[in-house]
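Peer 1: This is structure.txt (compact mmCIF, C-alpha atoms and all ligand atoms).
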```txt
# COMPACT_ATOMS: atom_id res chain seq x y z
CA MET A 1 -13.80 8.04 -39.16
CA GLU A 2 -10.57 8.36 -37.22
CA SER A 3 -10.78 12.14 -37.20
CA GLU A 4 -14.15 11.84 -35.44
CA ARG A 5 -12.74 9.71 -32.61
CA PHE A 6 -9.67 11.93 -32.40
CA GLU A 7 -11.77 15.07 -32.03
CA ARG A 8 -14.11 13.38 -29.52
CA VAL A 9 -11.24 12.47 -27.20
CA MET A 10 -9.41 15.77 -27.58
CA ALA A 11 -12.57 17.80 -26.90
CA ALA A 12 -13.09 15.85 -23.66
CA ILE A 13 -9.43 16.41 -22.74
CA ARG A 14 -9.95 20.16 -23.27
CA ARG A 15 -13.00 19.87 -20.92
CA GLU A 16 -15.36 20.66 -23.76
CA ALA A 17 -18.40 18.73 -24.97
CA PRO A 18 -17.69 16.43 -27.95
CA ASP A 19 -20.44 14.79 -30.03
CA ARG A 20 -20.70 12.12 -27.34
CA VAL A 21 -18.87 10.86 -24.25
CA PRO A 22 -15.71 8.93 -25.26
CA TRP A 23 -14.70 5.65 -23.62
CA ALA A 24 -11.54 3.70 -22.95
CA LEU A 25 -11.00 0.38 -21.16
CA TRP A 26 -7.64 -1.13 -20.36
CA GLY A 27 -6.26 -4.39 -19.08
CA HIS A 28 -3.32 -6.74 -19.47
CA PHE A 29 -4.55 -7.63 -22.95
CA PRO A 30 -1.93 -10.32 -23.73
CA ALA A 31 -3.25 -12.12 -20.61
CA VAL A 32 -6.96 -11.64 -21.35
CA SER A 33 -8.75 -14.99 -21.40
CA PHE A 34 -11.01 -14.40 -24.40
CA LEU A 35 -8.13 -13.40 -26.71
CA LYS A 36 -6.60 -16.88 -26.21
CA HIS A 37 -3.45 -16.71 -28.34
CA TYR A 38 -1.22 -14.17 -26.68
CA SER A 39 1.45 -14.48 -24.03
CA TRP A 40 1.89 -11.98 -21.22
CA GLU A 41 5.43 -13.18 -20.63
CA LYS A 42 6.33 -12.87 -24.31
CA ALA A 43 4.73 -9.41 -24.53
CA ASN A 44 7.19 -8.22 -21.89
CA ARG A 45 10.15 -9.00 -24.16
CA ASP A 46 8.56 -8.69 -27.59
CA GLY A 47 6.96 -5.42 -28.65
CA GLU A 48 5.12 -7.01 -31.53
CA GLU A 49 3.34 -9.44 -29.18
CA LEU A 50 2.30 -6.53 -26.98
CA ALA A 51 1.03 -4.48 -29.93
CA ARG A 52 -0.78 -7.44 -31.57
CA ALA A 53 -2.69 -8.24 -28.38
CA HIS A 54 -3.90 -4.64 -28.16
CA ILE A 55 -5.00 -4.69 -31.80
CA ALA A 56 -6.73 -8.05 -31.22
CA LEU A 57 -8.66 -6.59 -28.30
CA LEU A 58 -9.86 -3.66 -30.41
CA ARG A 59 -10.96 -6.06 -33.17
CA ALA A 60 -12.81 -8.31 -30.71
CA LEU A 61 -15.06 -5.44 -29.64
CA ASP A 62 -18.48 -4.85 -31.23
CA HIS A 63 -18.12 -1.11 -30.62
CA LYS A 64 -15.18 1.11 -31.51
CA MET A 65 -13.27 2.28 -28.48
CA ASP A 66 -12.23 5.94 -28.60
CA LEU A 67 -8.87 5.93 -26.82
CA LEU A 68 -6.40 3.07 -26.36
CA LYS A 69 -4.36 2.95 -23.18
CA VAL A 70 -1.42 0.63 -23.79
CA THR A 71 -0.65 -1.52 -20.77
CA PRO A 72 2.71 -3.28 -20.70
CA PHE A 73 3.82 -5.25 -17.62
CA TYR A 74 4.06 -2.44 -15.04
CA ARG A 75 7.63 -3.41 -14.12
CA TYR A 76 9.05 -3.21 -17.66
CA MET A 77 11.81 -0.80 -16.66
CA ALA A 78 12.72 -2.81 -13.54
CA CYS A 79 13.24 -5.89 -15.72
CA GLN A 80 15.97 -4.03 -17.61
CA TRP A 81 17.76 -3.14 -14.37
CA GLY A 82 17.82 -6.81 -13.45
CA SER A 83 14.67 -7.52 -11.45
CA ARG A 84 13.18 -10.92 -12.18
CA PHE A 85 9.65 -12.27 -12.04
CA ARG A 86 8.08 -15.72 -12.19
CA TRP A 87 5.72 -16.01 -15.17
CA GLU A 88 3.22 -18.81 -14.87
CA ASP A 89 0.18 -19.89 -16.87
CA ASN A 90 -0.34 -16.43 -18.37
CA GLU A 91 -1.27 -15.23 -14.88
CA GLU A 92 -1.35 -11.42 -15.00
CA SER A 93 0.51 -10.76 -11.72
CA PRO A 94 3.80 -12.65 -11.79
CA GLU A 95 5.53 -13.15 -8.47
CA THR A 96 8.75 -11.22 -7.77
CA VAL A 97 11.80 -13.48 -7.73
CA GLU A 98 14.49 -10.86 -7.27
CA VAL A 99 14.67 -7.05 -7.25
CA ALA A 100 17.50 -4.97 -8.75
CA VAL A 101 17.95 -2.78 -5.66
CA LYS A 102 18.52 -5.05 -2.67
CA GLU A 103 20.87 -2.85 -0.65
CA THR A 104 21.07 0.91 -0.23
CA ASP A 105 24.22 1.09 -2.38
CA ASP A 106 22.37 -0.46 -5.30
CA TRP A 107 20.45 2.79 -5.99
CA GLY A 108 23.70 4.26 -7.29
CA ARG A 109 24.19 1.31 -9.65
CA LEU A 110 21.04 2.04 -11.65
CA TRP A 111 21.65 3.80 -14.96
CA VAL A 112 19.41 5.77 -17.29
CA LEU A 113 17.90 3.25 -19.71
CA ASP A 114 18.19 4.01 -23.39
CA PRO A 115 14.77 3.93 -25.13
CA ARG A 116 16.44 2.57 -28.26
CA LYS A 117 18.46 -0.11 -26.50
CA GLU A 118 17.10 -1.55 -23.27
CA LEU A 119 13.54 -0.31 -23.92
CA ARG A 120 13.48 -0.92 -27.66
CA GLU A 121 10.76 -3.57 -27.54
CA ASN A 122 8.42 -1.18 -25.74
CA LEU A 123 9.17 1.41 -28.37
CA ARG A 124 8.59 -1.16 -31.11
CA ALA A 125 5.08 -1.73 -29.74
CA VAL A 126 4.49 2.01 -30.08
CA GLU A 127 5.81 2.03 -33.67
CA ILE A 128 3.55 -0.86 -34.67
CA LEU A 129 0.46 0.68 -33.05
CA ALA A 130 1.15 4.05 -34.68
CA LYS A 131 1.23 2.33 -38.10
CA GLU A 132 -1.72 0.02 -37.63
CA LEU A 133 -4.23 2.12 -35.74
CA TYR A 134 -4.47 4.68 -38.55
CA GLY A 135 -4.64 7.72 -36.34
CA MET A 136 -6.58 6.30 -33.39
CA LEU A 137 -5.25 8.01 -30.26
CA PHE A 138 -3.23 5.83 -27.91
CA ILE A 139 -1.24 6.56 -24.78
CA TYR A 140 1.55 4.53 -23.16
CA THR A 141 1.84 3.65 -19.48
CA ILE A 142 4.60 5.31 -17.44
CA PRO A 143 4.66 4.34 -13.76
CA SER A 144 5.71 7.05 -11.29
CA PRO A 145 9.36 6.80 -10.14
CA ILE A 146 8.46 6.17 -6.47
CA VAL A 147 5.99 3.46 -7.50
CA GLN A 148 8.68 1.77 -9.59
CA ALA A 149 11.11 2.03 -6.67
CA LEU A 150 8.59 0.48 -4.26
CA HIS A 151 7.27 -2.24 -6.53
CA GLY A 152 9.75 -3.81 -8.90
CA VAL A 153 13.03 -1.92 -8.86
CA SER A 154 13.16 -2.50 -5.11
CA ASN A 155 10.58 -3.26 -2.41
CA PRO A 156 8.70 -1.31 0.30
CA GLU A 157 11.04 -2.51 3.09
CA ARG A 158 14.14 -1.09 1.34
CA VAL A 159 12.47 2.14 0.18
CA TYR A 160 10.91 3.04 3.53
CA ALA A 161 14.11 2.18 5.43
CA ASP A 162 16.18 4.35 3.06
CA MET A 163 13.65 7.18 3.31
CA GLU A 164 14.44 7.32 7.04
CA GLU A 165 18.14 6.46 7.09
CA GLN A 166 19.66 7.10 3.65
CA PRO A 167 17.45 9.60 1.83
CA ASP A 168 20.22 10.80 -0.49
CA ALA A 169 20.79 7.29 -1.83
CA LEU A 170 17.07 6.86 -2.46
CA ARG A 171 16.92 10.26 -4.17
CA GLU A 172 19.75 9.28 -6.49
CA GLY A 173 17.77 6.19 -7.52
CA LEU A 174 14.59 8.21 -8.04
CA GLU A 175 16.49 10.69 -10.23
CA THR A 176 17.71 7.86 -12.45
CA ILE A 177 14.24 6.33 -12.74
CA ALA A 178 12.71 9.75 -13.46
CA GLN A 179 15.23 10.48 -16.24
CA THR A 180 14.51 7.06 -17.74
CA CYS A 181 10.78 7.88 -17.73
CA ILE A 182 11.43 11.24 -19.42
CA ASP A 183 13.66 9.85 -22.16
CA PHE A 184 11.34 6.93 -22.88
CA ALA A 185 8.10 8.93 -22.83
CA LYS A 186 9.55 11.50 -25.23
CA GLU A 187 10.48 8.74 -27.68
CA CYS A 188 6.99 7.23 -27.39
CA VAL A 189 5.46 10.54 -28.41
CA ALA A 190 8.02 10.97 -31.20
CA GLU A 191 6.98 7.55 -32.54
CA GLY A 192 3.27 8.36 -32.56
CA ALA A 193 1.80 7.93 -29.08
CA ALA A 194 -0.58 10.78 -28.14
CA GLY A 195 0.80 10.94 -24.65
CA VAL A 196 1.13 9.13 -21.37
CA PHE A 197 -0.95 7.32 -18.80
CA PHE A 198 1.04 8.25 -15.71
CA GLY A 199 0.35 5.87 -12.82
CA ILE A 200 0.84 7.00 -9.24
CA GLY A 201 -0.05 5.29 -5.97
CA GLY A 202 1.13 1.83 -7.02
CA GLY A 203 -1.76 -0.29 -5.79
CA GLY A 204 -2.61 2.10 -2.96
CA ASP A 205 -0.35 1.50 0.03
CA ILE A 206 1.55 4.77 -0.32
CA TRP A 207 -1.56 6.69 0.79
CA SER A 208 -1.46 5.15 4.26
CA ARG A 209 2.30 4.72 4.61
CA MET A 210 3.58 8.12 3.49
CA SER A 211 2.84 11.45 5.15
CA ARG A 212 1.82 14.41 3.03
CA GLU A 213 5.38 15.78 3.40
CA GLN A 214 6.85 12.47 2.23
CA LEU A 215 4.44 12.31 -0.68
CA GLU A 216 5.54 15.77 -1.77
CA GLU A 217 9.23 15.03 -1.31
CA TYR A 218 9.44 11.52 -2.79
CA ALA A 219 6.42 11.18 -5.08
CA LEU A 220 5.13 14.53 -6.35
CA ARG A 221 8.59 16.02 -6.81
CA TYR A 222 9.75 13.35 -9.27
CA ASP A 223 6.32 12.99 -10.86
CA ARG A 224 6.33 16.69 -11.66
CA LYS A 225 9.84 16.47 -12.97
CA VAL A 226 8.75 13.82 -15.49
CA LEU A 227 5.45 15.45 -16.44
CA ASP A 228 6.94 18.94 -16.79
CA ALA A 229 9.78 17.62 -18.95
CA LEU A 230 7.28 16.21 -21.44
CA GLY A 231 6.03 19.71 -22.23
CA ASP A 232 2.95 20.28 -24.27
CA ILE A 233 2.08 16.79 -25.52
CA PRO A 234 -1.59 16.07 -26.43
CA ILE A 235 -2.57 13.84 -23.49
CA LYS A 236 -1.27 13.49 -19.94
CA LEU A 237 -3.68 11.26 -18.01
CA LEU A 238 -2.95 10.75 -14.31
CA HIS A 239 -4.03 7.45 -12.74
CA ILE A 240 -4.40 7.71 -8.96
CA CYS A 241 -4.16 4.08 -7.88
CA SER A 242 -5.83 2.75 -4.73
CA ASN A 243 -7.10 -0.45 -3.14
CA GLN A 244 -10.08 -1.40 -1.00
CA ALA A 245 -8.36 -0.34 2.22
CA GLU A 246 -6.19 2.61 1.17
CA ASN A 247 -6.88 5.66 -0.94
CA PRO A 248 -5.91 9.34 -0.95
CA GLN A 249 -9.26 10.44 0.45
CA ARG A 250 -9.57 8.02 3.36
CA ASP A 251 -5.89 8.54 4.20
CA GLY A 252 -5.30 12.26 4.57
CA GLY A 253 -8.25 13.71 2.66
CA LEU A 254 -5.93 14.70 -0.20
CA MET A 255 -8.34 13.92 -3.01
CA GLU A 256 -11.15 16.23 -1.97
CA ALA A 257 -8.78 18.90 -0.62
CA GLY A 258 -7.68 19.43 -4.22
CA TRP A 259 -4.11 18.21 -3.68
CA PHE A 260 -3.96 16.55 -7.10
CA GLY A 261 -4.24 20.01 -8.62
CA ASN A 262 -0.45 19.99 -8.09
CA TYR A 263 -0.12 17.62 -11.01
CA PRO A 264 0.57 19.15 -14.46
CA VAL A 265 -1.82 16.84 -16.34
CA ASP A 266 -4.95 17.16 -18.50
CA ALA A 267 -7.05 14.38 -17.00
CA ILE A 268 -7.36 12.30 -13.85
CA ASN A 269 -8.54 8.72 -13.39
CA TRP A 270 -9.26 7.01 -10.05
CA TRP A 271 -11.57 4.37 -8.56
CA ASP A 272 -14.57 6.68 -8.30
CA ARG A 273 -16.86 3.83 -7.22
CA SER A 274 -14.65 3.34 -4.13
CA PHE A 275 -13.79 6.94 -3.10
CA THR A 276 -14.63 10.48 -4.20
CA PRO A 277 -17.62 10.01 -6.52
CA LEU A 278 -17.57 11.69 -9.93
CA GLU A 279 -20.01 14.45 -8.81
CA THR A 280 -17.65 15.45 -5.99
CA ALA A 281 -14.59 15.36 -8.23
CA LYS A 282 -16.38 17.50 -10.79
CA GLU A 283 -16.86 20.15 -8.08
CA VAL A 284 -13.26 19.96 -6.87
CA TYR A 285 -11.40 19.43 -10.16
CA GLY A 286 -13.94 20.11 -12.92
CA ASP A 287 -12.43 23.45 -13.92
CA ARG A 288 -8.95 21.95 -14.06
CA PHE A 289 -9.06 18.35 -15.29
CA CYS A 290 -11.00 16.13 -17.62
CA LEU A 291 -12.36 13.27 -15.48
CA CYS A 292 -11.95 9.62 -16.48
CA GLY A 293 -13.95 6.98 -14.62
CA GLY A 294 -17.42 5.64 -13.97
CA VAL A 295 -17.02 1.88 -14.25
CA ASP A 296 -16.05 -0.35 -11.36
CA HIS A 297 -13.23 -2.58 -12.62
CA ARG A 298 -13.34 -4.73 -9.52
CA GLN A 299 -17.00 -5.59 -9.15
CA THR A 300 -19.27 -4.58 -12.01
CA MET A 301 -16.97 -5.11 -14.99
CA ARG A 302 -15.65 -8.39 -13.67
CA HIS A 303 -18.66 -9.98 -12.01
CA GLY A 304 -21.67 -7.88 -13.03
CA THR A 305 -24.14 -8.40 -15.88
CA PRO A 306 -24.07 -6.23 -19.02
CA GLN A 307 -27.23 -4.55 -17.68
CA GLN A 308 -25.41 -3.60 -14.47
CA VAL A 309 -22.50 -2.20 -16.50
CA GLU A 310 -24.95 -0.21 -18.60
CA ASP A 311 -26.63 1.19 -15.45
CA GLU A 312 -23.25 2.23 -14.05
CA VAL A 313 -22.18 3.98 -17.26
CA ARG A 314 -25.52 5.84 -17.47
CA THR A 315 -25.20 6.94 -13.85
CA ALA A 316 -21.68 8.24 -14.53
CA ILE A 317 -22.82 10.20 -17.58
CA GLU A 318 -25.67 11.74 -15.57
CA ALA A 319 -23.33 12.57 -12.69
CA ALA A 320 -20.44 14.15 -14.57
CA GLY A 321 -21.21 14.34 -18.28
CA GLU A 322 -22.74 17.78 -18.33
CA GLY A 323 -20.75 20.27 -20.37
CA GLY A 324 -18.14 17.67 -21.38
CA GLY A 325 -14.77 16.85 -19.82
CA LEU A 326 -15.68 13.21 -19.14
CA ILE A 327 -14.18 9.98 -20.48
CA ILE A 328 -15.79 6.72 -19.35
CA GLY A 329 -13.08 4.43 -18.00
CA PRO A 330 -12.35 1.87 -15.27
CA GLY A 331 -11.00 2.68 -11.78
CA CYS A 332 -7.91 0.59 -12.48
CA THR A 333 -6.68 -2.14 -14.83
CA LEU A 334 -9.43 -4.63 -15.68
CA SER A 335 -8.84 -8.19 -14.47
CA GLN A 336 -7.80 -10.65 -17.15
CA ASP A 337 -11.05 -12.61 -16.69
CA THR A 338 -13.35 -9.62 -17.33
CA PRO A 339 -15.92 -10.86 -19.86
CA LEU A 340 -16.06 -9.40 -23.38
CA VAL A 341 -19.82 -8.76 -23.06
CA ASN A 342 -19.07 -6.21 -20.36
CA TYR A 343 -16.52 -4.38 -22.54
CA ASN A 344 -19.22 -4.21 -25.20
CA ALA A 345 -21.82 -3.00 -22.71
CA VAL A 346 -19.70 0.11 -22.07
CA GLY A 347 -19.38 0.89 -25.79
CA ARG A 348 -23.07 0.27 -26.43
CA THR A 349 -24.14 2.52 -23.55
CA VAL A 350 -22.04 5.55 -24.53
CA GLU A 351 -23.36 5.22 -28.08
CA ARG A 352 -26.97 5.10 -26.86
CA HIS A 353 -26.87 7.48 -23.92
CA GLY A 354 -23.71 9.55 -24.19
CA SER A 355 -24.71 11.99 -26.92
CA TYR A 356 -24.36 15.74 -26.37
CA ARG A 357 -26.49 16.53 -29.43
CA ARG A 358 -30.03 16.80 -28.14
ZN ZN B 401 -4.46 1.36 -10.39
```
What is this file in structure tokens?
Ligand SMILES: [Zn+2]
Peer 2:
Amino acid sequence: MESERFERVMAAIRREAPDRVPWALWGHFPAVSFLKHYSWEKANRDGEELARAHIALLRALDHKMDLLKVTPFYRYMACQWGSRFRWEDNEESPETVEVAVKETDDWGRLWVLDPRKELRENLRAVEILAKELYGMLFIYTIPSPIVQALHGVSNPERVYADMEEQPDALREGLETIAQTCIDFAKECVAEGAAGVFFGIGGGGDIWSRMSREQLEEYALRYDRKVLDALGDIPIKLLHICSNQAENPQRDGGLMEAGWFGNYPVDAINWWDRSFTPLETAKEVYGDRFCLCGGVDHRQTMRHGTPQQVEDEVRTAIEAAGEGGGLIIGPGCTLSQDTPLVNYNAVGRTVERHGSYRR
């Protein structure tokens, strides 16, 4: 029953206990090896390809996933401003050929993208999913303005140089990107998405390269602008991106100091197997956010056995499941070669061990 899955996810989002712990896994589905017939490059210019690959993933599973996080190519807005990427062999991380903002003056040449013109294919994916998922909740990915500026619209060299020398030019660019995010996200919700997966951190380097003051001035400020403008939509899920070397706990202690409480969202997702375990986050953020995590996208999901995945999911439920407010999810996008048996192991484990009815 769709209403059952809907209520399960929304109860967790409200930090209440549903019938059982919900789960969601996400990846670059058009590039996923076991789906075979989809094109990651095509999905970036054809909304139907993007939607079909997500539907195919759901159908390939033995267990029904509770929430679908739609993952387009992260640089989908940058492509419309003129950035170019080299797509090869359905490889999920195409190389950057050219960025739209090469010089400081280029920030002023960006324009607010129209969701029904430049971003229409992304919106078409939303329309198709809303029709074909029959009420299953899904959220669309919106990358933070500073992350888009750093990775795709421009590059770290340009952004960090302008932050020092030409901050007003950079701010103008961030305003344009933020307004594009607002306009597009509102249309996604109008077309049937339950909300947004808002990605900050962009792979992790901002945590070591930006001071807390810079994070507040160039990241949080525009992130809040976008998230506040979306008002009271059902789901705002914040993804706090990191890598093996850089994360917002190791660099500045922000995670456990409660800094992410500044974000007007319902739920947070981060690589809990790498920094700030679920138990700790439940203490710091448990009265504020639903927590989404528990499975290691990098090691266990990709290289582990189904038994290891099951053990990890059970541990997460024991650590943070009590009282509700937990969604089992990965620490970041699953690699395209993550085996299907490990997706299924997550679904099987929440069904067996995630029940709140005792
Ligand atoms: Zn990430």
Peer 1: Excluding A:Leu340 and residues on its chain fewer than 3 positions from it, collect all residues at most 10 Å away from it, counting all atoms listed in the file, and give them as number ranges by chain.
Peer 2: A: 32-35, 57, 60-62, 301-302, 306, 337, 343-345
Peer 1: Separation of atom CA of A:His63 and atom CA of A:Gly354, in Å?
Peer 2: 13.6 Å
Peer 1: May I have the residues within 12 Å of ligand ZN 401 (chain B), computed using all atoms listed in the file, as a PDB file with C-alpha atoms, in the frame of the given file?
Peer 2:
```
ATOM      1  CA  TRP A  26      -7.640  -1.130 -20.360  1.00  0.00           C
ATOM      2  CA  GLY A  27      -6.260  -4.390 -19.080  1.00  0.00           C
ATOM      3  CA  THR A  71      -0.650  -1.520 -20.770  1.00  0.00           C
ATOM      4  CA  TYR A  74       4.060  -2.440 -15.040  1.00  0.00           C
ATOM      5  CA  THR A 141       1.840   3.650 -19.480  1.00  0.00           C
ATOM      6  CA  PRO A 143       4.660   4.340 -13.760  1.00  0.00           C
ATOM      7  CA  SER A 144       5.710   7.050 -11.290  1.00  0.00           C
ATOM      8  CA  VAL A 147       5.990   3.460  -7.500  1.00  0.00           C
ATOM      9  CA  PHE A 197      -0.950   7.320 -18.800  1.00  0.00           C
ATOM     10  CA  PHE A 198       1.040   8.250 -15.710  1.00  0.00           C
ATOM     11  CA  GLY A 199       0.350   5.870 -12.820  1.00  0.00           C
ATOM     12  CA  ILE A 200       0.840   7.000  -9.240  1.00  0.00           C
ATOM     13  CA  GLY A 201      -0.050   5.290  -5.970  1.00  0.00           C
ATOM     14  CA  GLY A 202       1.130   1.830  -7.020  1.00  0.00           C
ATOM     15  CA  GLY A 203      -1.760  -0.290  -5.790  1.00  0.00           C
ATOM     16  CA  GLY A 204      -2.610   2.100  -2.960  1.00  0.00           C
ATOM     17  CA  ASP A 205      -0.350   1.500   0.030  1.00  0.00           C
ATOM     18  CA  LEU A 238      -2.950  10.750 -14.310  1.00  0.00           C
ATOM     19  CA  HIS A 239      -4.030   7.450 -12.740  1.00  0.00           C
ATOM     20  CA  ILE A 240      -4.400   7.710  -8.960  1.00  0.00           C
ATOM     21  CA  CYS A 241      -4.160   4.080  -7.880  1.00  0.00           C
ATOM     22  CA  SER A 242      -5.830   2.750  -4.730  1.00  0.00           C
ATOM     23  CA  ASN A 243      -7.100  -0.450  -3.140  1.00  0.00           C
ATOM     24  CA  GLN A 244     -10.080  -1.400  -1.000  1.00  0.00           C
ATOM     25  CA  GLU A 246      -6.190   2.610   1.170  1.00  0.00           C
ATOM     26  CA  ASN A 247      -6.880   5.660  -0.940  1.00  0.00           C
ATOM     27  CA  ILE A 268      -7.360  12.300 -13.850  1.00  0.00           C
ATOM     28  CA  ASN A 269      -8.540   8.720 -13.390  1.00  0.00           C
ATOM     29  CA  TRP A 270      -9.260   7.010 -10.050  1.00  0.00           C
ATOM     30  CA  TRP A 271     -11.570   4.370  -8.560  1.00  0.00           C
ATOM     31  CA  ASP A 272     -14.570   6.680  -8.300  1.00  0.00           C
ATOM     32  CA  GLY A 293     -13.950   6.980 -14.620  1.00  0.00           C
ATOM     33  CA  ASP A 296     -16.050  -0.350 -11.360  1.00  0.00           C
ATOM     34  CA  HIS A 297     -13.230  -2.580 -12.620  1.00  0.00           C
ATOM     35  CA  ARG A 298     -13.340  -4.730  -9.520  1.00  0.00           C
ATOM     36  CA  GLY A 329     -13.080   4.430 -18.000  1.00  0.00           C
ATOM     37  CA  PRO A 330     -12.350   1.870 -15.270  1.00  0.00           C
ATOM     38  CA  GLY A 331     -11.000   2.680 -11.780  1.00  0.00           C
ATOM     39  CA  CYS A 332      -7.910   0.590 -12.480  1.00  0.00           C
ATOM     40  CA  THR A 333      -6.680  -2.140 -14.830  1.00  0.00           C
ATOM     41  CA  LEU A 334      -9.430  -4.630 -15.680  1.00  0.00           C
ATOM     42  CA  SER A 335      -8.840  -8.190 -14.470  1.00  0.00           C
TER      43      SER A 335
END
```
Peer 1: Identify, on the basis of all atoms listed in the file, every residue whose closest approach to A:Ile182 does not exceed 9 Å; exclude the query and any residue fewer than 3 positions from it along the same chain; express the result as a PyMOL selection string.
Peer 2: chain A and resi 177-179+185-187+225-227+229-230
Peer 1: With C-alpha atoms retained, could you export that selection as an mmCIF file, in the frame of the given file?
Peer 2:
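Once written, result.cif looks like this:
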```cif
data_model
loop_
_atom_site.group_PDB
_atom_site.id
_atom_site.type_symbol
_atom_site.label_atom_id
_atom_site.label_comp_id
_atom_site.auth_asym_id
_atom_site.auth_seq_id
_atom_site.Cartn_x
_atom_site.Cartn_y
_atom_site.Cartn_z
ATOM 1 C CA ILE A 177 14.240 6.330 -12.740
ATOM 2 C CA ALA A 178 12.710 9.750 -13.460
ATOM 3 C CA GLN A 179 15.230 10.480 -16.240
ATOM 4 C CA ALA A 185 8.100 8.930 -22.830
ATOM 5 C CA LYS A 186 9.550 11.500 -25.230
ATOM 6 C CA GLU A 187 10.480 8.740 -27.680
ATOM 7 C CA LYS A 225 9.840 16.470 -12.970
ATOM 8 C CA VAL A 226 8.750 13.820 -15.490
ATOM 9 C CA LEU A 227 5.450 15.450 -16.440
ATOM 10 C CA ALA A 229 9.780 17.620 -18.950
ATOM 11 C CA LEU A 230 7.280 16.210 -21.440
#
```
Peer 1: Using Å and a single decimal, report how far atom CA of A:Glu132 sits from atom CA of A:Ala194.
Peer 2: 14.4 Å
Peer 1: Work out how far apart atom CA of A:Leu123 and atom CA of A:Arg14 are and give it in Å to one decimal.
Peer 2: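 Rounded to one decimal, the two atoms are 27.3 Å apart.
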Peer 1: Would you mind listing what lies within 9 Å of A:Cys188 as a list in words, with only C-alpha atoms counted and same-chain residues fewer than 2 positions away left out?
Peer 2: Pro115, Asn122, Leu123, Val126, Glu127, Ile139, Tyr140, Asp183, Phe184, Ala185, Lys186, Ala190, Glu191, Gly192, Ala193, Ala194, Gly195 and Val196 of chain A
Peer 1: Determine the nearest neighbour of A:Arg171 from the options A:Arg221, A:Arg15, A:Arg288, A:Lys236, counting all atoms listed in the file.
Peer 2: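 Going through A:Arg221, A:Arg15, A:Arg288, A:Lys236 one by one, the smallest distance to A:Arg171 is for A:Arg221.
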Peer 1: Since the input is missing atoms, can you rebuild N, CA, C and O atoms for stretch 304-314 of chain A and write them as a PDB file, keeping the file's coordinate frame?
Peer 2:
```
ATOM      1  N   GLY A 304     -20.310  -8.337 -12.787  1.00  0.00           N
ATOM      2  CA  GLY A 304     -21.670  -7.880 -13.030  1.00  0.00           C
ATOM      3  C   GLY A 304     -22.225  -8.354 -14.372  1.00  0.00           C
ATOM      4  O   GLY A 304     -21.516  -8.941 -15.191  1.00  0.00           O
ATOM      5  N   THR A 305     -23.509  -8.091 -14.588  1.00  0.00           N
ATOM      6  CA  THR A 305     -24.140  -8.400 -15.880  1.00  0.00           C
ATOM      7  C   THR A 305     -23.961  -7.184 -16.797  1.00  0.00           C
ATOM      8  O   THR A 305     -23.729  -6.073 -16.322  1.00  0.00           O
ATOM      9  N   PRO A 306     -24.131  -7.377 -18.109  1.00  0.00           N
ATOM     10  CA  PRO A 306     -24.070  -6.230 -19.020  1.00  0.00           C
ATOM     11  C   PRO A 306     -25.083  -5.137 -18.623  1.00  0.00           C
ATOM     12  O   PRO A 306     -24.784  -3.952 -18.753  1.00  0.00           O
ATOM     13  N   GLN A 307     -26.231  -5.544 -18.113  1.00  0.00           N
ATOM     14  CA  GLN A 307     -27.230  -4.550 -17.680  1.00  0.00           C
ATOM     15  C   GLN A 307     -26.693  -3.708 -16.519  1.00  0.00           C
ATOM     16  O   GLN A 307     -26.890  -2.497 -16.477  1.00  0.00           O
ATOM     17  N   GLN A 308     -25.993  -4.354 -15.598  1.00  0.00           N
ATOM     18  CA  GLN A 308     -25.410  -3.600 -14.470  1.00  0.00           C
ATOM     19  C   GLN A 308     -24.326  -2.646 -14.949  1.00  0.00           C
ATOM     20  O   GLN A 308     -24.201  -1.543 -14.441  1.00  0.00           O
ATOM     21  N   VAL A 309     -23.539  -3.085 -15.933  1.00  0.00           N
ATOM     22  CA  VAL A 309     -22.500  -2.200 -16.500  1.00  0.00           C
ATOM     23  C   VAL A 309     -23.180  -1.004 -17.157  1.00  0.00           C
ATOM     24  O   VAL A 309     -22.797   0.145 -16.949  1.00  0.00           O
ATOM     25  N   GLU A 310     -24.230  -1.291 -17.921  1.00  0.00           N
ATOM     26  CA  GLU A 310     -24.950  -0.210 -18.600  1.00  0.00           C
ATOM     27  C   GLU A 310     -25.497   0.804 -17.572  1.00  0.00           C
ATOM     28  O   GLU A 310     -25.363   2.015 -17.752  1.00  0.00           O
ATOM     29  N   ASP A 311     -26.075   0.299 -16.488  1.00  0.00           N
ATOM     30  CA  ASP A 311     -26.630   1.190 -15.450  1.00  0.00           C
ATOM     31  C   ASP A 311     -25.524   2.077 -14.864  1.00  0.00           C
ATOM     32  O   ASP A 311     -25.732   3.259 -14.619  1.00  0.00           O
ATOM     33  N   GLU A 312     -24.352   1.477 -14.654  1.00  0.00           N
ATOM     34  CA  GLU A 312     -23.250   2.230 -14.050  1.00  0.00           C
ATOM     35  C   GLU A 312     -22.751   3.323 -15.006  1.00  0.00           C
ATOM     36  O   GLU A 312     -22.473   4.446 -14.586  1.00  0.00           O
ATOM     37  N   VAL A 313     -22.649   2.996 -16.275  1.00  0.00           N
ATOM     38  CA  VAL A 313     -22.180   3.980 -17.260  1.00  0.00           C
ATOM     39  C   VAL A 313     -23.188   5.128 -17.371  1.00  0.00           C
ATOM     40  O   VAL A 313     -22.816   6.301 -17.394  1.00  0.00           O
ATOM     41  N   ARG A 314     -24.489   4.785 -17.389  1.00  0.00           N
ATOM     42  CA  ARG A 314     -25.520   5.840 -17.470  1.00  0.00           C
ATOM     43  C   ARG A 314     -25.462   6.750 -16.250  1.00  0.00           C
ATOM     44  O   ARG A 314     -25.579   7.973 -16.367  1.00  0.00           O
TER      45      ARG A 314
END
```
